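See below for start_4.tsv, which holds TSV, C-alpha atoms.
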```tsv
chain	number	residue	atom	x	y	z
H	27	MET	CA	-5.36	-0.29	45.87
H	28	GLU	CA	-3.49	0.74	49.02
H	29	GLN	CA	-5.65	1.06	52.12
H	30	SER	CA	-5.12	3.11	55.26
H	31	ALA	CA	-6.10	1.94	58.72
H	32	GLY	CA	-9.10	4.26	58.50
H	33	ASP	CA	-10.20	2.68	55.22
H	34	GLN	CA	-10.13	-0.76	56.78
H	35	GLY	CA	-12.29	0.45	59.64
H	36	TRP	CA	-15.26	1.34	57.47
H	37	ARG	CA	-14.69	-1.29	54.80
H	38	GLY	CA	-13.93	-4.20	57.10
H	39	SER	CA	-11.39	-6.79	55.98
H	40	GLN	CA	-11.28	-9.73	53.63
H	41	ASP	CA	-11.07	-12.13	56.58
H	42	GLY	CA	-14.03	-10.41	58.20
H	43	TRP	CA	-16.21	-10.83	55.11
H	44	LEU	CA	-15.10	-14.45	54.79
H	45	GLU	CA	-15.79	-15.20	58.43
H	46	ALA	CA	-19.27	-13.73	58.13
H	47	ALA	CA	-19.86	-15.75	54.94
H	48	GLN	CA	-18.83	-18.93	56.73
H	49	GLU	CA	-21.19	-18.16	59.61
H	50	LEU	CA	-24.11	-17.68	57.21
H	51	LEU	CA	-23.22	-20.87	55.36
H	52	LEU	CA	-23.25	-22.84	58.60
H	53	GLU	CA	-26.45	-21.25	59.84
H	54	SER	CA	-28.62	-21.27	56.72
H	55	GLY	CA	-26.83	-22.81	53.74
H	56	VAL	CA	-25.19	-21.35	50.68
H	57	ASP	CA	-28.33	-19.60	49.39
H	58	SER	CA	-28.10	-17.26	52.40
H	59	VAL	CA	-24.53	-16.20	51.58
H	60	LYS	CA	-25.31	-12.99	49.74
H	61	ILE	CA	-23.70	-9.58	49.78
H	62	LEU	CA	-26.51	-7.54	51.37
H	63	PRO	CA	-27.11	-9.89	54.34
H	64	LEU	CA	-23.34	-10.03	54.89
H	65	ALA	CA	-23.09	-6.24	54.87
H	66	LYS	CA	-25.94	-5.98	57.40
H	67	ARG	CA	-24.30	-8.57	59.64
H	68	LEU	CA	-21.00	-6.70	59.53
H	69	LYS	CA	-22.71	-3.28	59.77
H	70	LEU	CA	-20.85	-2.17	56.67
H	71	SER	CA	-21.98	-0.68	53.39
H	72	ARG	CA	-22.75	-3.05	50.53
H	73	THR	CA	-20.14	-1.30	48.38
H	74	SER	CA	-17.42	-2.16	50.93
H	75	PHE	CA	-17.64	-5.76	49.77
H	76	TYR	CA	-16.19	-4.86	46.38
H	77	TRP	CA	-12.91	-3.70	47.87
H	78	PHE	CA	-12.16	-7.33	48.65
H	79	PHE	CA	-14.10	-9.45	46.15
H	80	LYS	CA	-15.07	-8.98	42.52
H	81	ASP	CA	-18.47	-10.56	43.05
H	82	ARG	CA	-20.35	-13.20	45.04
H	83	ASP	CA	-18.81	-16.04	42.99
H	84	GLU	CA	-15.34	-14.94	44.00
H	85	LEU	CA	-16.43	-14.89	47.65
H	86	LEU	CA	-17.80	-18.43	47.33
H	87	ARG	CA	-14.56	-19.62	45.73
H	88	ALA	CA	-12.63	-18.08	48.63
H	89	LEU	CA	-14.96	-19.84	51.06
H	90	ILE	CA	-14.24	-23.20	49.43
H	91	ALA	CA	-10.51	-22.45	49.49
H	92	ARG	CA	-10.79	-21.74	53.21
H	93	TRP	CA	-12.55	-25.07	53.78
H	94	ARG	CA	-10.00	-26.93	51.64
H	95	ASP	CA	-7.01	-25.35	53.36
H	96	LYS	CA	-8.35	-26.00	56.84
H	97	ASN	CA	-10.03	-29.39	56.74
H	98	THR	CA	-8.07	-31.14	54.01
H	99	GLY	CA	-4.78	-29.35	54.64
H	100	ASN	CA	-4.74	-30.06	58.38
H	101	LEU	CA	-5.85	-33.66	57.99
H	102	VAL	CA	-3.05	-34.32	55.50
H	103	ARG	CA	-0.53	-32.64	57.80
H	104	GLN	CA	-1.68	-34.77	60.72
H	105	THR	CA	-1.11	-37.96	58.70
H	106	GLU	CA	2.46	-36.77	58.12
H	107	ALA	CA	3.19	-35.77	61.73
H	108	TYR	CA	5.94	-37.59	63.61
H	109	ALA	CA	4.88	-40.86	65.25
H	110	GLU	CA	6.82	-43.83	66.59
H	111	THR	CA	4.03	-46.32	65.94
H	112	LEU	CA	1.02	-46.64	63.66
H	113	ALA	CA	-1.24	-46.29	66.70
H	114	GLU	CA	0.40	-42.99	67.57
H	115	ALA	CA	0.07	-41.86	63.94
H	116	MET	CA	-3.64	-42.63	64.07
H	117	LEU	CA	-3.96	-40.66	67.31
H	118	ASN	CA	-2.42	-37.71	65.46
H	119	VAL	CA	-5.20	-38.04	62.89
H	120	PHE	CA	-7.77	-38.28	65.68
H	121	ASP	CA	-6.63	-34.85	66.84
H	122	CYS	CA	-8.62	-33.57	63.85
H	123	TRP	CA	-11.83	-35.12	65.14
H	124	LEU	CA	-11.47	-33.42	68.54
H	125	ASP	CA	-9.96	-30.03	67.71
H	126	GLN	CA	-12.06	-27.70	65.58
H	127	ASN	CA	-8.99	-25.55	64.99
H	128	LEU	CA	-7.67	-28.47	62.92
H	129	PHE	CA	-10.88	-29.75	61.35
H	130	ASP	CA	-14.28	-28.07	61.53
H	131	PRO	CA	-17.09	-30.66	61.31
H	132	GLN	CA	-19.84	-28.06	60.94
H	133	PHE	CA	-18.01	-26.45	58.04
H	134	GLU	CA	-17.56	-29.92	56.53
H	135	PHE	CA	-21.27	-30.70	56.86
H	136	ALA	CA	-22.22	-27.34	55.32
H	137	VAL	CA	-19.95	-27.81	52.30
H	138	ARG	CA	-21.16	-31.37	51.75
H	139	SER	CA	-24.76	-30.11	51.89
H	140	TRP	CA	-23.83	-27.39	49.40
H	141	SER	CA	-22.37	-30.03	47.08
H	142	LEU	CA	-25.83	-31.60	46.71
H	143	GLN	CA	-26.93	-28.59	44.66
H	144	SER	CA	-23.72	-27.73	42.83
H	145	PRO	CA	-21.75	-30.02	40.50
H	146	ASP	CA	-18.68	-27.80	40.92
H	147	ILE	CA	-18.74	-28.10	44.70
H	148	LEU	CA	-19.43	-31.81	44.44
H	149	GLU	CA	-16.23	-32.13	42.43
H	150	GLU	CA	-14.37	-30.13	45.11
H	151	VAL	CA	-15.66	-32.55	47.76
H	152	ARG	CA	-14.68	-35.58	45.69
H	153	GLN	CA	-11.17	-34.20	45.22
H	154	ALA	CA	-10.89	-33.52	48.94
H	155	ASP	CA	-12.04	-37.05	49.75
H	156	GLN	CA	-9.44	-38.49	47.41
H	157	ALA	CA	-6.65	-36.35	48.86
H	158	ARG	CA	-7.56	-37.31	52.41
H	159	LEU	CA	-7.88	-41.00	51.61
H	160	GLU	CA	-4.55	-40.98	49.81
H	161	ALA	CA	-2.86	-39.30	52.77
H	162	LEU	CA	-4.27	-41.93	55.14
H	163	ARG	CA	-3.27	-44.74	52.78
H	164	LEU	CA	0.30	-43.45	52.62
H	165	MET	CA	0.38	-43.15	56.40
H	166	PHE	CA	-0.49	-46.84	56.77
H	167	MET	CA	2.07	-47.81	54.16
H	168	ARG	CA	4.83	-45.89	55.97
H	169	PHE	CA	4.34	-48.34	58.82
H	170	GLY	CA	4.64	-51.40	56.61
H	171	VAL	CA	1.02	-52.08	55.71
H	172	ASP	CA	0.68	-53.42	52.16
H	173	ALA	CA	-1.03	-51.21	49.58
H	174	ALA	CA	-4.32	-53.11	49.31
H	175	THR	CA	-4.78	-53.37	53.07
H	176	ALA	CA	-3.73	-49.76	53.55
H	177	ASP	CA	-6.41	-48.67	51.09
H	178	VAL	CA	-9.16	-50.53	52.97
H	179	ARG	CA	-7.99	-49.31	56.38
H	180	ALA	CA	-7.79	-45.74	55.10
H	181	ARG	CA	-11.34	-45.97	53.82
H	182	THR	CA	-12.59	-47.51	57.05
H	183	THR	CA	-10.93	-44.80	59.13
H	184	TYR	CA	-12.17	-41.95	56.97
H	185	LEU	CA	-15.68	-43.14	56.21
H	186	VAL	CA	-16.44	-43.73	59.88
H	187	GLN	CA	-15.64	-40.09	60.61
H	188	ILE	CA	-17.58	-38.80	57.61
H	189	GLY	CA	-20.47	-40.90	58.92
H	190	TYR	CA	-20.21	-39.12	62.27
H	191	ILE	CA	-20.35	-35.79	60.46
H	192	SER	CA	-23.15	-36.71	58.05
H	193	MET	CA	-25.29	-38.09	60.88
H	194	GLN	CA	-24.38	-35.08	63.05
H	195	SER	CA	-23.66	-37.58	65.79
H	196	GLN	CA	-23.11	-36.09	69.23
H	197	GLU	CA	-20.96	-37.64	71.95
H	198	ASP	CA	-19.73	-36.10	75.16
H	199	LEU	CA	-15.95	-35.94	75.52
H	200	ALA	CA	-15.72	-38.76	78.07
H	201	THR	CA	-17.73	-41.17	75.91
H	202	ARG	CA	-15.67	-40.42	72.82
H	203	MET	CA	-12.37	-40.72	74.66
H	204	GLN	CA	-13.37	-44.07	76.15
H	205	ARG	CA	-14.08	-45.41	72.67
H	206	ILE	CA	-10.90	-44.15	71.04
H	207	PRO	CA	-8.54	-46.97	72.15
H	208	GLU	CA	-10.89	-49.51	70.56
H	209	TYR	CA	-11.19	-47.47	67.38
H	210	ILE	CA	-7.40	-47.32	67.17
H	211	ALA	CA	-7.16	-51.08	67.67
H	212	ILE	CA	-9.78	-51.73	64.98
H	213	PHE	CA	-8.24	-49.36	62.43
H	214	THR	CA	-4.59	-50.29	63.01
H	215	ARG	CA	-4.69	-53.76	64.64
H	216	ILE	CA	-2.41	-52.28	67.29
H	217	GLN	CA	-3.36	-51.39	70.84
H	218	PRO	CA	-2.16	-47.87	71.64
H	219	ARG	CA	0.44	-47.76	74.40
H	220	PRO	CA	-0.55	-46.12	77.71
H	221	ARG	CA	1.93	-43.27	77.22
H	222	GLU	CA	0.56	-42.61	73.71
H	223	LEU	CA	-2.96	-42.37	75.10
H	224	ASP	CA	-1.78	-40.20	77.99
H	225	ARG	CA	-0.21	-37.70	75.58
H	226	PHE	CA	-3.33	-37.73	73.40
H	227	PHE	CA	-5.68	-37.25	76.35
H	228	ALA	CA	-3.53	-34.41	77.69
H	229	ARG	CA	-3.64	-32.61	74.34
H	230	HIS	CA	-7.40	-32.48	74.60
H	231	GLY	CA	-7.72	-31.70	78.29
H	232	TYR	CA	-9.16	-35.09	79.23
H	233	LYS	CA	-8.38	-36.99	82.41
H	234	PRO	CA	-9.51	-40.65	82.42
```

Here is the file; what I need is its structure written in the form of structure tokens.
Amino acid sequence: MEQSAGDQGWRGSQDGWLEAAQELLLESGVDSVKILPLAKRLKLSRTSFYWFFKDRDELLRALIARWRDKNTGNLVRQTEAYAETLAEAMLNVFDCWLDQNLFDPQFEFAVRSWSLQSPDILEEVRQADQARLEALRLMFMRFGVDAATADVRARTTYLVQIGYISMQSQEDLATRMQRIPEYIAIFTRIQPRPRELDRFFARHGYKP
């Protein structure tokens, strides 16, 4: 159905409903993501919801698609980004761990918590894990690492970060940045070059 600008004002927008759903998911878990609380949060009528979604299940599917597109999609793209060395390629991946516009750790934690009570969401998480691990494995192999070693290094790289997220580990920016060169050396067996680190630090507004 075609909507005028006035319609959108009192009905909201699909992105607005999704954003509010994500906020509720992060704050209180999936059981809190319901139409009436969302309408109250957005100060819209409950019936406005149905202009954008058939029902709550469709909203939840859209929420998972948003998580998949952002966290998995961006991670895969970062593994494919241009890099002269494996260390630089790994720094591209590390952009995800420091830029929530690329990878949202709170969203990741919320979806993984949701998966504990839903077999369908658990399968979504498993598929995401496999896609991310495969992307990392292929990244290692592009730089000449054999398949078996690439698989182990991909798992080491990825599972460390998932551990950070699952433990809700908190580090200030300086502490994390100081550790990154050693992480890169452990994961790749290559010390990042000073100019690679300088570019990485600059991207994230850090001055050693």

List every protein, DNA or RNA residue that has at least one atom no more than 8 Å from (-0.8, -39.3, 61.4) in the file's coordinates, counting only C-alpha atoms, and write the result as a PyMOL selection string. chain H and resi 103-109+112+114-119+162+165

Could you check which of H:Leu86, H:Asn127, H:Gln156, H:Tyr232 is closest to Asp198 (chain H), using all atoms listed in the file? H:Tyr232

Residue with smallest distance to Pro207 (chain H) - pool H:Ala113, H:Leu62, H:Arg152, H:Phe79, counting all atoms listed in the file: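 Checking each of H:Ala113, H:Leu62, H:Arg152, H:Phe79 against Pro207 (chain H), counting all atoms listed in the file, the winner is H:Ala113.
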
Given 5 Å of margin on each side, can you work out the centre and size in Å (one decimal) of an axis-aligned box holding every listed atom of region 160-172 of chain H, as AutoDock Vina command-line options?
```
--center_x 0.1 --center_y -46.4 --center_z 54.3 --size_x 19.4 --size_y 24.1 --size_z 19.0
```

List the neighbours of region 179-187 of chain H out to 6 Å using all atoms listed in the file; skip same-chain residues closer than 2 positions along the sequence, and give me the result as a ChimeraX atom specification. /H:159,162-163,176-177,189-190
